[in-house]
Amino acid sequence: MENIFYINNKEKRMVHGEEELLLDTLRNYGYSEVKRGCDEGECGSCMVLLNGKPVNSCRVFTAAIIEQEITTVKGIGDIHHPHAIQEAFVETGAVQCGFCTPAMVLSAYHLLKNIPNPTDEQIQVGMEGVLCRCTGYIKIIDAVKLAAKKMKDYEKIS
Amino acid sequence: MKKIKWEYPEQIEEALDLIRDDKAVIHGGGTHLTSKQLNNGNRIVCLDKLPLNYVKREDGSIKMGSLTDYNSIVERLNEIEPGHILAKSLGPAATISIRNRITIGGSLRLAPNWSDLIGPLIALEARVKLKGANSGLFPVKDYLTQKELKSQTLITEILIPDTSWDSWYYREGITKNDHPGFTITILVKRKKNALEDIAIVLTGHTDRFMRLSEIEDQLKGKDTDQLDLKDIAKGLDIKFVSAKGMSSDYVKHLAETQIERGLIELLKS
């Protein structure tokens with residue numbers, strides 16, 4: 001099948017199998033920031049935003065979401081133009097092995113768009129979909145708090 | 001490899017025509033289907049474009065379109081009635097990413113034993129609107145027990161009475177994926193100290209779901225100040241399967257203990 005998708009605000013035509021999962025399609029097309037973790041919808045490493053909402057791309061059939069909007073972590077900022085959330089993750093030491101980081105950043109982005117000044121509990125709930133095996137979450141929560149402050153200061157969210 | 005055709009009906013009638021094919025696989029937007037299951041069919045009928053994504057108050061009911069995802073339901077029900085039992089049960093189900101995909105209709109059709117949906121729907125005496133070979137409005141209880149209602153039929157809407165209850169929900173996460181091993185739903189209506197109405201539903205046992213009518217009858221109409229709730233649920237005639245290091249008797253003991261706890265929290269606080 002060949003279909004159009006809107007990935008990181010750009011129209012993208014992709015060829016994919018009828019039963020192919022979005023995770024596989026995205027990685028086949030070089031979106032390697034979308035990580036393959038458990039393949040069961042548990043770890044959240046493969047998270048993307050689908051029409052602005054977090055989903056596990058390993059649990060979404062590509063054919064089920066044609067012509068829809070997909071955002072990967074590179075859609076909100078890259079190494080040359082990092083988003084305030086990405087800066088905050090680096091500054092607080094919230095990145096260790098980095099495998100879960102793209103999904104953590106996307107979770108934080110979705111959370112802060114909806115709740116600009118979250119409480120600790122709201123952060124924990126907002127980040128619940130991604131597992132980290134390195135940091136123990138403390139620094140990740142610190143990063144989200146710092147990102148909230150940065151975004152408030154610079155009004156960086158679009 | 002076998003070619004499978006994806007169909008994207010935009011109207012319910014169009015979808016019904018497509019699912020008359022016994023080899024059609026219905027994709028309701030959730031996360032349950034696997035690639036292997038898709039390959040078992042001739043065609044996949046993707047319901048995503050049907051206008052069945054809504055939660056609205058109408059004619060004394062809260063009506064939920066079958067393609068509404070869990071997070072949208074929680075958000076909307078919390079606006080309609082903060083602390084609604086379905087918001088309590090669905091809000092912590094799975095994770096935010098999964099709740100953005102699971103649809104209420106798909107979840108009811110599958111109704112796995114670990115579902116956070118079924119207990120509250122049974123307690124609320126919810127009804128389900130079906131279109132297709134078995135069109136009509138049916139109690140959810142009947143839909144879950146009568147297999148023939150599912151054949152060549154789509155769930156289009158789930159209706160719950162738009163009435164206010166005090167509620168308590170408990171999920172025992174004892175399976176490897178933190179799915180509930182069992183769930184308890186308790187709804188009560190009180191007028192001053194009198195317990196006007198009560199519904200208690202236990203899911204996750206070998207009968208899947210059960211309304212605990214004997215306990216309800218013991219409590220209904222009584223003065224809550226005079227109630228003795230100690231061991232109220234002891235000796236339930238229900239069987240559980242053993243789960244992850246816990247015997248079936250122990251799981252049953254946990255359920256009995258939690259029912260008592262829930263009743264105390266609701267009626268004695």
# chains A, B, ... in the order shown; residues from 1 in each chain; ligands from 1

call {"tool": "interface_residues", "arguments": {"of": "chain B", "to": "chain A", "cutoff": "9 Å", "atoms": "only C-alpha atoms", "output": "CSV table (one decimal) with all heavy atoms, in the first residue's frame"}}
result
chain,number,residue,atom,x,y,z
B,3,LYS,N,-2.9,-10.9,0.2
B,3,LYS,CA,-3.3,-9.5,0.1
B,3,LYS,C,-4.5,-9.3,0.9
B,3,LYS,O,-5.5,-10.0,0.8
B,3,LYS,CB,-3.6,-9.2,-1.4
B,3,LYS,CG,-2.4,-8.7,-2.1
B,3,LYS,CD,-2.3,-7.2,-2.0
B,3,LYS,CE,-1.1,-6.7,-2.9
B,3,LYS,NZ,-0.6,-5.4,-2.4
B,4,ILE,N,-4.5,-8.3,1.8
B,4,ILE,CA,-5.7,-8.0,2.6
B,4,ILE,C,-6.1,-6.6,2.2
B,4,ILE,O,-5.2,-5.7,2.1
B,4,ILE,CB,-5.4,-8.0,4.1
B,4,ILE,CG1,-4.4,-9.1,4.4
B,4,ILE,CG2,-6.7,-8.2,4.9
B,4,ILE,CD1,-3.8,-8.8,5.8
B,5,LYS,N,-7.4,-6.4,2.0
B,5,LYS,CA,-7.8,-5.1,1.6
B,5,LYS,C,-8.4,-4.3,2.8
B,5,LYS,O,-9.2,-4.9,3.6
B,5,LYS,CB,-8.9,-5.2,0.6
B,5,LYS,CG,-9.3,-3.9,-0.1
B,5,LYS,CD,-10.3,-4.0,-1.2
B,5,LYS,CE,-10.5,-2.7,-1.8
B,5,LYS,NZ,-11.8,-2.6,-2.5
B,6,TRP,N,-7.9,-3.1,3.0
B,6,TRP,CA,-8.4,-2.2,4.0
B,6,TRP,C,-9.6,-1.4,3.5
B,6,TRP,O,-9.5,-0.9,2.4
B,6,TRP,CB,-7.4,-1.2,4.6
B,6,TRP,CG,-6.4,-1.9,5.5
B,6,TRP,CD1,-5.4,-2.7,5.3
B,6,TRP,CD2,-6.4,-1.6,7.0
B,6,TRP,NE1,-4.8,-3.1,6.4
B,6,TRP,CE2,-5.4,-2.4,7.5
B,6,TRP,CE3,-7.2,-0.9,7.8
B,6,TRP,CZ2,-5.1,-2.4,8.8
B,6,TRP,CZ3,-6.9,-0.9,9.2
B,6,TRP,CH2,-5.8,-1.7,9.7
B,8,TYR,N,-12.5,1.6,4.4
B,8,TYR,CA,-12.7,2.8,5.3
B,8,TYR,C,-14.1,3.4,5.1
B,8,TYR,O,-14.3,4.4,4.6
B,8,TYR,CB,-11.7,3.9,5.0
B,8,TYR,CG,-10.2,3.4,5.1
B,8,TYR,CD1,-9.6,2.9,3.9
B,8,TYR,CD2,-9.5,3.3,6.3
B,8,TYR,CE1,-8.3,2.5,4.0
B,8,TYR,CE2,-8.2,2.9,6.3
B,8,TYR,CZ,-7.6,2.4,5.2
B,8,TYR,OH,-6.3,2.0,5.2
B,27,HIS,N,-11.7,-3.5,12.6
B,27,HIS,CA,-10.7,-2.7,13.3
B,27,HIS,C,-11.4,-1.5,13.9
B,27,HIS,O,-11.8,-0.6,13.3
B,27,HIS,CB,-9.6,-2.3,12.3
B,27,HIS,CG,-8.5,-1.5,13.0
B,27,HIS,ND1,-8.6,-0.2,13.3
B,27,HIS,CD2,-7.3,-2.0,13.5
B,27,HIS,CE1,-7.4,0.2,13.9
B,27,HIS,NE2,-6.7,-0.9,14.0
B,29,GLY,N,-10.1,0.6,16.1
B,29,GLY,CA,-9.2,1.7,16.5
B,29,GLY,C,-8.4,1.4,17.7
B,29,GLY,O,-7.5,2.1,18.1
B,30,GLY,N,-8.6,0.2,18.4
B,30,GLY,CA,-7.9,-0.1,19.6
B,30,GLY,C,-6.5,-0.7,19.4
B,30,GLY,O,-5.8,-0.5,18.4
B,31,THR,N,-6.1,-1.5,20.4
B,31,THR,CA,-4.7,-2.1,20.4
B,31,THR,C,-4.7,-3.6,20.4
B,31,THR,O,-3.7,-4.2,20.6
B,31,THR,CB,-3.9,-1.5,21.6
B,31,THR,OG1,-4.5,-2.0,22.8
B,31,THR,CG2,-3.9,0.0,21.6
B,32,HIS,N,-5.9,-4.2,20.3
B,32,HIS,CA,-6.0,-5.6,20.6
B,32,HIS,C,-5.5,-6.5,19.4
B,32,HIS,O,-4.8,-7.5,19.6
B,32,HIS,CB,-7.4,-6.0,20.9
B,32,HIS,CG,-7.7,-7.5,21.0
B,32,HIS,ND1,-7.3,-8.2,22.1
B,32,HIS,CD2,-8.2,-8.3,20.1
B,32,HIS,CE1,-7.6,-9.5,21.8
B,32,HIS,NE2,-8.2,-9.6,20.7
B,33,LEU,N,-5.9,-6.1,18.2
B,33,LEU,CA,-5.6,-6.9,17.0
B,33,LEU,C,-4.1,-7.0,16.7
B,33,LEU,O,-3.3,-6.1,16.9
B,33,LEU,CB,-6.3,-6.3,15.8
B,33,LEU,CG,-7.8,-6.4,15.6
B,33,LEU,CD1,-8.2,-5.7,14.4
B,33,LEU,CD2,-8.1,-7.9,15.4
B,34,THR,N,-3.7,-8.2,16.3
B,34,THR,CA,-2.3,-8.4,15.9
B,34,THR,C,-2.3,-8.6,14.4
B,34,THR,O,-3.3,-8.9,13.8
B,34,THR,CB,-1.8,-9.7,16.6
B,34,THR,OG1,-2.6,-10.8,16.1
B,34,THR,CG2,-1.9,-9.7,18.1
B,35,SER,N,-1.0,-8.5,13.9
B,35,SER,CA,-0.8,-8.7,12.4
B,35,SER,C,-1.4,-10.1,12.0
B,35,SER,O,-1.9,-10.2,10.9
B,35,SER,CB,0.6,-8.6,12.1
B,35,SER,OG,1.1,-7.3,12.5
B,36,LYS,N,-1.1,-11.1,12.9
B,36,LYS,CA,-1.6,-12.4,12.5
B,36,LYS,C,-3.1,-12.5,12.4
B,36,LYS,O,-3.6,-13.1,11.5
B,36,LYS,CB,-1.1,-13.4,13.6
B,36,LYS,CG,-1.2,-14.8,13.3
B,36,LYS,CD,-0.6,-15.7,14.4
B,36,LYS,CE,-1.0,-17.1,14.2
B,36,LYS,NZ,-0.8,-17.9,15.4
B,38,LEU,N,-5.0,-10.0,11.5
B,38,LEU,CA,-5.4,-9.4,10.3
B,38,LEU,C,-5.3,-10.3,9.1
B,38,LEU,O,-6.1,-10.4,8.2
B,38,LEU,CB,-4.5,-8.2,10.0
B,38,LEU,CG,-4.6,-7.0,10.9
B,38,LEU,CD1,-3.9,-5.8,10.3
B,38,LEU,CD2,-6.0,-6.6,11.3
B,39,ASN,N,-4.2,-11.1,9.2
B,39,ASN,CA,-4.0,-12.1,8.1
B,39,ASN,C,-5.0,-13.2,8.0
B,39,ASN,O,-5.1,-13.9,7.0
B,39,ASN,CB,-2.6,-12.7,8.2
B,39,ASN,CG,-1.6,-11.8,7.5
B,39,ASN,OD1,-1.8,-11.5,6.3
B,39,ASN,ND2,-0.5,-11.4,8.1
B,46,CYS,N,-12.0,-0.8,8.7
B,46,CYS,CA,-11.6,0.2,9.7
B,46,CYS,C,-12.7,1.1,10.0
B,46,CYS,O,-13.2,1.8,9.1
B,46,CYS,CB,-10.4,0.9,9.1
B,46,CYS,SG,-9.6,2.1,10.3
B,48,ASP,N,-12.7,3.8,11.9
B,48,ASP,CA,-12.2,5.1,12.3
B,48,ASP,C,-13.0,6.3,11.8
B,48,ASP,O,-13.1,7.3,12.4
B,48,ASP,CB,-10.8,5.2,11.9
B,48,ASP,CG,-10.0,6.2,12.8
B,48,ASP,OD1,-10.3,6.2,14.0
B,48,ASP,OD2,-9.2,6.9,12.3
B,92,PRO,N,-7.3,5.2,35.3
B,92,PRO,CA,-6.0,4.6,35.6
B,92,PRO,C,-5.8,3.3,34.7
B,92,PRO,O,-4.8,2.6,35.0
B,92,PRO,CB,-6.1,4.3,37.0
B,92,PRO,CG,-7.4,4.6,37.5
B,92,PRO,CD,-8.3,4.9,36.3
B,94,ALA,N,-4.5,0.8,32.0
B,94,ALA,CA,-3.3,0.8,31.1
B,94,ALA,C,-2.5,2.1,31.2
B,94,ALA,O,-2.2,2.5,32.4
B,94,ALA,CB,-3.8,0.6,29.7
B,95,THR,N,-2.1,2.7,30.1
B,95,THR,CA,-1.3,3.9,30.2
B,95,THR,C,-2.0,5.0,29.3
B,95,THR,O,-2.8,4.6,28.5
B,95,THR,CB,0.1,3.7,29.7
B,95,THR,OG1,0.0,3.3,28.3
B,95,THR,CG2,0.8,2.6,30.5
B,96,ILE,N,-1.5,6.2,29.4
B,96,ILE,CA,-2.1,7.3,28.6
B,96,ILE,C,-2.1,7.0,27.1
B,96,ILE,O,-3.1,7.2,26.4
B,96,ILE,CB,-1.4,8.6,29.0
B,96,ILE,CG1,-2.1,9.8,28.4
B,96,ILE,CG2,0.1,8.6,28.5
B,96,ILE,CD1,-1.6,11.1,28.9
B,97,SER,N,-1.0,6.4,26.6
B,97,SER,CA,-0.9,6.1,25.2
B,97,SER,C,-1.9,5.0,24.8
B,97,SER,O,-2.4,5.1,23.7
B,97,SER,CB,0.5,5.6,24.8
B,97,SER,OG,1.4,6.1,25.6
B,98,ILE,N,-2.1,4.0,25.6
B,98,ILE,CA,-3.0,3.0,25.3
B,98,ILE,C,-4.5,3.5,25.4
B,98,ILE,O,-5.3,3.2,24.6
B,98,ILE,CB,-2.8,1.8,26.3
B,98,ILE,CG1,-1.4,1.2,26.1
B,98,ILE,CG2,-3.9,0.7,26.0
B,98,ILE,CD1,-1.1,0.5,24.9
B,99,ARG,N,-4.7,4.3,26.5
B,99,ARG,CA,-6.1,4.9,26.6
B,99,ARG,C,-6.5,5.8,25.5
B,99,ARG,O,-7.6,6.0,25.2
B,99,ARG,CB,-6.2,5.7,27.9
B,99,ARG,CG,-6.2,4.8,29.2
B,99,ARG,CD,-6.6,5.6,30.4
B,99,ARG,NE,-5.8,6.7,30.7
B,99,ARG,CZ,-4.7,6.8,31.4
B,99,ARG,NH1,-4.2,5.6,31.9
B,99,ARG,NH2,-4.0,7.9,31.6
B,100,ASN,N,-5.5,6.4,24.8
B,100,ASN,CA,-5.8,7.2,23.6
B,100,ASN,C,-6.2,6.3,22.4
B,100,ASN,O,-6.7,6.9,21.4
B,100,ASN,CB,-4.6,8.0,23.2
B,100,ASN,CG,-4.4,9.3,24.0
B,100,ASN,OD1,-5.4,9.8,24.5
B,100,ASN,ND2,-3.2,9.7,24.3
B,101,ARG,N,-6.0,5.0,22.5
B,101,ARG,CA,-6.4,4.1,21.4
B,101,ARG,C,-7.6,3.2,21.7
B,101,ARG,O,-8.4,2.9,20.8
B,101,ARG,CB,-5.2,3.3,21.0
B,101,ARG,CG,-4.0,4.0,20.3
B,101,ARG,CD,-4.4,4.7,19.0
B,101,ARG,NE,-4.6,3.7,17.9
B,101,ARG,CZ,-5.1,4.1,16.8
B,101,ARG,NH1,-5.5,5.4,16.5
B,101,ARG,NH2,-5.3,3.2,15.8
B,177,ASN,N,1.0,-8.0,33.5
B,177,ASN,CA,0.9,-6.7,32.9
B,177,ASN,C,0.2,-5.7,33.6
B,177,ASN,O,-0.2,-4.7,33.1
B,177,ASN,CB,0.3,-6.9,31.5
B,177,ASN,CG,1.2,-7.7,30.5
B,177,ASN,OD1,2.4,-7.6,30.6
B,177,ASN,ND2,0.5,-8.5,29.7

call {"tool": "residues_around", "arguments": {"residues": "segment 97-104 of chain A", "least_positions_apart": "6", "cutoff": "12 Å", "atoms": "only C-alpha atoms", "output": "PyMOL selection string"}}
result
(chain A and resi 31-38+43-49+54-57+71-78+83+85-86+88-90+110-111+123-124+126-135+137+139-141+143-144) or (chain B and resi 97)

call {"tool": "atom_distance", "arguments": {"atom1": "atom CA of Pro9 of chain B", "atom2": "atom CA of Leu50 of chain B"}}
result
6.8 Å

call {"tool": "select_by_dssp", "arguments": {"residues": "chain A", "states": "helix (DSSP H, G or I)", "output": "ChimeraX atom specification"}}
result
/A:22-28,57-59,62-65,73-75,84-91,101-114,120-126,138-154

call {"tool": "write_last_selection", "arguments": {"atoms": "C-alpha atoms", "output": "JSON list (two decimals), in the first residue's frame"}}
result
[["chain", "number", "residue", "atom", "x", "y", "z"],
["A", 22, "LEU", "CA", 3.51, 2.24, 12.41],
["A", 23, "LEU", "CA", 6.74, 1.64, 14.33],
["A", 24, "ASP", "CA", 8.11, -0.48, 11.48],
["A", 25, "THR", "CA", 7.01, 1.95, 8.78],
["A", 26, "LEU", "CA", 8.56, 4.93, 10.53],
["A", 27, "ARG", "CA", 11.85, 3.15, 11.17],
["A", 28, "ASN", "CA", 11.94, 1.86, 7.58],
["A", 57, "SER", "CA", 3.44, 3.12, 17.49],
["A", 58, "CYS", "CA", 4.01, -0.61, 18.04],
["A", 59, "ARG", "CA", 0.25, -0.94, 18.68],
["A", 62, "THR", "CA", -0.05, 2.08, 9.60],
["A", 63, "ALA", "CA", -3.03, 1.49, 7.33],
["A", 64, "ALA", "CA", -5.38, 2.56, 10.12],
["A", 65, "ILE", "CA", -4.02, 6.11, 10.28],
["A", 73, "VAL", "CA", 10.60, 13.95, 18.86],
["A", 74, "LYS", "CA", 12.45, 15.57, 15.94],
["A", 75, "GLY", "CA", 9.22, 17.36, 15.10],
["A", 84, "ALA", "CA", 12.93, 23.93, 25.95],
["A", 85, "ILE", "CA", 11.99, 20.43, 27.10],
["A", 86, "GLN", "CA", 15.04, 18.91, 25.42],
["A", 87, "GLU", "CA", 17.26, 21.58, 26.98],
["A", 88, "ALA", "CA", 15.75, 20.86, 30.37],
["A", 89, "PHE", "CA", 16.40, 17.11, 30.05],
["A", 90, "VAL", "CA", 20.07, 17.80, 29.31],
["A", 91, "GLU", "CA", 20.48, 20.43, 32.04],
["A", 101, "THR", "CA", 14.29, 9.97, 26.08],
["A", 102, "PRO", "CA", 12.47, 10.67, 22.78],
["A", 103, "ALA", "CA", 9.29, 9.23, 24.26],
["A", 104, "MET", "CA", 9.83, 11.00, 27.59],
["A", 105, "VAL", "CA", 10.26, 14.32, 25.78],
["A", 106, "LEU", "CA", 7.10, 13.75, 23.75],
["A", 107, "SER", "CA", 5.18, 12.81, 26.91],
["A", 108, "ALA", "CA", 6.38, 15.98, 28.60],
["A", 109, "TYR", "CA", 5.46, 18.03, 25.51],
["A", 110, "HIS", "CA", 1.91, 16.65, 25.52],
["A", 111, "LEU", "CA", 1.61, 17.15, 29.28],
["A", 112, "LEU", "CA", 2.85, 20.75, 29.28],
["A", 113, "LYS", "CA", 0.70, 21.71, 26.33],
["A", 114, "ASN", "CA", -2.34, 20.65, 28.33],
["A", 120, "ASP", "CA", 4.21, 16.41, 40.91],
["A", 121, "GLU", "CA", 1.24, 14.05, 40.75],
["A", 122, "GLN", "CA", 0.15, 15.41, 37.36],
["A", 123, "ILE", "CA", 3.69, 14.92, 36.08],
["A", 124, "GLN", "CA", 3.72, 11.32, 37.28],
["A", 125, "VAL", "CA", 0.38, 10.63, 35.58],
["A", 126, "GLY", "CA", 1.37, 12.51, 32.42],
["A", 138, "ILE", "CA", 13.59, 11.72, 39.86],
["A", 139, "LYS", "CA", 15.65, 13.63, 37.31],
["A", 140, "ILE", "CA", 13.01, 13.18, 34.65],
["A", 141, "ILE", "CA", 10.44, 14.78, 36.93],
["A", 142, "ASP", "CA", 12.96, 17.56, 37.68],
["A", 143, "ALA", "CA", 13.39, 18.03, 33.92],
["A", 144, "VAL", "CA", 9.65, 18.40, 33.36],
["A", 145, "LYS", "CA", 9.47, 21.01, 36.14],
["A", 146, "LEU", "CA", 12.39, 22.93, 34.65],
["A", 147, "ALA", "CA", 10.85, 22.68, 31.19],
["A", 148, "ALA", "CA", 7.59, 24.10, 32.53],
["A", 149, "LYS", "CA", 9.51, 27.04, 33.94],
["A", 150, "LYS", "CA", 11.49, 27.57, 30.73],
["A", 151, "MET", "CA", 8.39, 27.39, 28.60],
["A", 152, "LYS", "CA", 6.62, 29.85, 30.83],
["A", 153, "ASP", "CA", 9.63, 32.16, 30.71],
["A", 154, "TYR", "CA", 10.19, 31.99, 26.97]]

call {"tool": "atom_distance", "arguments": {"atom1": "atom CA of Trp168 of chain B", "atom2": "atom CA of Phe138 of chain B"}}
result
25.6 Å

call {"tool": "closest_residue", "arguments": {"among": "B:Ser61, B:Thr103, B:Thr153, B:Thr203", "to": "Lys131 of chain B", "atoms": "only C-alpha atoms"}}
result
B:Thr153

call {"tool": "atom_distance", "arguments": {"atom1": "atom CA of Asn3 of chain A", "atom2": "atom CA of Glu7 of chain B"}}
result
13.6 Å

call {"tool": "closest_residue", "arguments": {"among": "B:Ala93, B:Arg109, B:Leu236, B:Ala133", "to": "Arg20 of chain B", "atoms": "only C-alpha atoms"}}
result
B:Ala133

call {"tool": "residues_around", "arguments": {"residues": "Asp237 of chain B", "least_positions_apart": "6", "cutoff": "12 Å", "atoms": "only C-alpha atoms", "output": "list of chain:residue names"}}
result
B:Leu202, B:His205, B:Thr206, B:Asp207, B:Met210, B:Arg211, B:Leu212, B:Ser213, B:Glu214, B:Ile215, B:Asp249, B:Lys252, B:His253, B:Ala255, B:Glu256

call {"tool": "residues_around", "arguments": {"residues": "Trp165 of chain B", "least_positions_apart": "3", "cutoff": "12 Å", "atoms": "only C-alpha atoms", "output": "VMD selection string"}}
result
chain B and resid 81 to 86 120 123 to 124 161 to 162 168 185 to 191 195 to 199 266

call {"tool": "write_last_selection", "arguments": {"atoms": "N, CA and C atoms", "output": "PDB file, in the first residue's frame"}}
result
ATOM      1  N   GLU B  81     -19.951  14.901  35.437  1.00  0.00           N
ATOM      2  CA  GLU B  81     -20.122  14.587  36.860  1.00  0.00           C
ATOM      3  C   GLU B  81     -18.765  14.198  37.450  1.00  0.00           C
ATOM      4  N   PRO B  82     -18.092  15.172  38.081  1.00  0.00           N
ATOM      5  CA  PRO B  82     -16.759  14.867  38.621  1.00  0.00           C
ATOM      6  C   PRO B  82     -16.791  13.615  39.503  1.00  0.00           C
ATOM      7  N   GLY B  83     -15.829  12.731  39.278  1.00  0.00           N
ATOM      8  CA  GLY B  83     -15.760  11.507  40.075  1.00  0.00           C
ATOM      9  C   GLY B  83     -16.706  10.424  39.597  1.00  0.00           C
ATOM     10  N   HIS B  84     -17.198  10.533  38.372  1.00  0.00           N
ATOM     11  CA  HIS B  84     -18.088   9.496  37.819  1.00  0.00           C
ATOM     12  C   HIS B  84     -17.378   8.143  37.887  1.00  0.00           C
ATOM     13  N   ILE B  85     -18.144   7.095  38.189  1.00  0.00           N
ATOM     14  CA  ILE B  85     -17.545   5.763  38.362  1.00  0.00           C
ATOM     15  C   ILE B  85     -16.742   5.318  37.137  1.00  0.00           C
ATOM     16  N   LEU B  86     -17.222   5.629  35.926  1.00  0.00           N
ATOM     17  CA  LEU B  86     -16.472   5.208  34.731  1.00  0.00           C
ATOM     18  C   LEU B  86     -15.170   5.985  34.592  1.00  0.00           C
ATOM     19  N   PRO B 120     -18.293  -1.388  36.057  1.00  0.00           N
ATOM     20  CA  PRO B 120     -19.139  -0.196  36.131  1.00  0.00           C
ATOM     21  C   PRO B 120     -20.346  -0.244  35.192  1.00  0.00           C
ATOM     22  N   ALA B 123     -22.940  -2.443  36.818  1.00  0.00           N
ATOM     23  CA  ALA B 123     -23.509  -1.780  38.001  1.00  0.00           C
ATOM     24  C   ALA B 123     -24.457  -0.651  37.598  1.00  0.00           C
ATOM     25  N   LEU B 124     -24.103   0.057  36.530  1.00  0.00           N
ATOM     26  CA  LEU B 124     -24.943   1.176  36.068  1.00  0.00           C
ATOM     27  C   LEU B 124     -26.142   0.714  35.240  1.00  0.00           C
ATOM     28  N   PRO B 161     -27.519   5.459  32.502  1.00  0.00           N
ATOM     29  CA  PRO B 161     -28.479   6.420  33.065  1.00  0.00           C
ATOM     30  C   PRO B 161     -27.745   7.652  33.603  1.00  0.00           C
ATOM     31  N   ASP B 162     -28.325   8.820  33.340  1.00  0.00           N
ATOM     32  CA  ASP B 162     -27.700  10.072  33.781  1.00  0.00           C
ATOM     33  C   ASP B 162     -28.154  10.394  35.198  1.00  0.00           C
ATOM     34  N   TRP B 168     -17.396   3.710  44.430  1.00  0.00           N
ATOM     35  CA  TRP B 168     -16.084   3.206  44.867  1.00  0.00           C
ATOM     36  C   TRP B 168     -15.647   2.160  43.854  1.00  0.00           C
ATOM     37  N   THR B 185     -16.884  -2.846  41.831  1.00  0.00           N
ATOM     38  CA  THR B 185     -17.597  -1.579  41.632  1.00  0.00           C
ATOM     39  C   THR B 185     -18.707  -1.505  42.659  1.00  0.00           C
ATOM     40  N   ILE B 186     -18.754  -0.429  43.398  1.00  0.00           N
ATOM     41  CA  ILE B 186     -19.871  -0.243  44.341  1.00  0.00           C
ATOM     42  C   ILE B 186     -20.496   1.128  44.078  1.00  0.00           C
ATOM     43  N   LEU B 187     -21.817   1.131  43.903  1.00  0.00           N
ATOM     44  CA  LEU B 187     -22.560   2.378  43.732  1.00  0.00           C
ATOM     45  C   LEU B 187     -23.596   2.456  44.850  1.00  0.00           C
ATOM     46  N   VAL B 188     -23.728   3.610  45.468  1.00  0.00           N
ATOM     47  CA  VAL B 188     -24.781   3.764  46.489  1.00  0.00           C
ATOM     48  C   VAL B 188     -25.510   5.089  46.319  1.00  0.00           C
ATOM     49  N   LYS B 189     -26.789   5.051  46.692  1.00  0.00           N
ATOM     50  CA  LYS B 189     -27.594   6.273  46.784  1.00  0.00           C
ATOM     51  C   LYS B 189     -28.134   6.324  48.200  1.00  0.00           C
ATOM     52  N   ARG B 190     -27.936   7.451  48.847  1.00  0.00           N
ATOM     53  CA  ARG B 190     -28.416   7.580  50.226  1.00  0.00           C
ATOM     54  C   ARG B 190     -29.355   8.768  50.359  1.00  0.00           C
ATOM     55  N   LYS B 191     -30.326   8.633  51.240  1.00  0.00           N
ATOM     56  CA  LYS B 191     -31.150   9.784  51.610  1.00  0.00           C
ATOM     57  C   LYS B 191     -30.975   9.917  53.112  1.00  0.00           C
ATOM     58  N   LEU B 195     -30.097   3.947  53.235  1.00  0.00           N
ATOM     59  CA  LEU B 195     -29.464   3.485  52.000  1.00  0.00           C
ATOM     60  C   LEU B 195     -30.568   3.139  50.997  1.00  0.00           C
ATOM     61  N   GLU B 196     -30.781   4.065  50.060  1.00  0.00           N
ATOM     62  CA  GLU B 196     -31.898   3.907  49.121  1.00  0.00           C
ATOM     63  C   GLU B 196     -31.638   2.844  48.062  1.00  0.00           C
ATOM     64  N   ASP B 197     -30.426   2.842  47.545  1.00  0.00           N
ATOM     65  CA  ASP B 197     -30.132   1.904  46.460  1.00  0.00           C
ATOM     66  C   ASP B 197     -28.646   1.555  46.486  1.00  0.00           C
ATOM     67  N   ILE B 198     -28.338   0.392  46.021  1.00  0.00           N
ATOM     68  CA  ILE B 198     -26.936  -0.057  46.018  1.00  0.00           C
ATOM     69  C   ILE B 198     -26.719  -1.063  44.892  1.00  0.00           C
ATOM     70  N   ALA B 199     -25.565  -0.990  44.283  1.00  0.00           N
ATOM     71  CA  ALA B 199     -25.175  -1.995  43.282  1.00  0.00           C
ATOM     72  C   ALA B 199     -23.727  -2.380  43.551  1.00  0.00           C
ATOM     73  N   LEU B 266     -17.554   3.813  51.787  1.00  0.00           N
ATOM     74  CA  LEU B 266     -18.703   4.538  51.220  1.00  0.00           C
ATOM     75  C   LEU B 266     -19.792   4.822  52.254  1.00  0.00           C
TER      76      LEU B 266
END

call {"tool": "residues_around", "arguments": {"residues": "Gln68 of chain A", "least_positions_apart": "6", "cutoff": "9 Å", "atoms": "only C-alpha atoms", "output": "PyMOL selection string"}}
result
chain A and resi 4-7+50-51

call {"tool": "select_by_dssp", "arguments": {"residues": "segment 81-247 of chain B", "states": "strand (DSSP E or B)", "output": "ChimeraX atom specification"}}
result
/B:103,127-132,136-139,153-161,166-173,180-191,194-203,209-211,223,243,246

call {"tool": "residues_around", "arguments": {"residues": "Lys150 of chain B", "least_positions_apart": "6", "cutoff": "10 Å", "atoms": "only C-alpha atoms", "output": "list of chain:residue names"}}
result
B:Arg109, B:Leu130, B:Gly132, B:Ala133, B:Asn134, B:Tyr143, B:Leu144
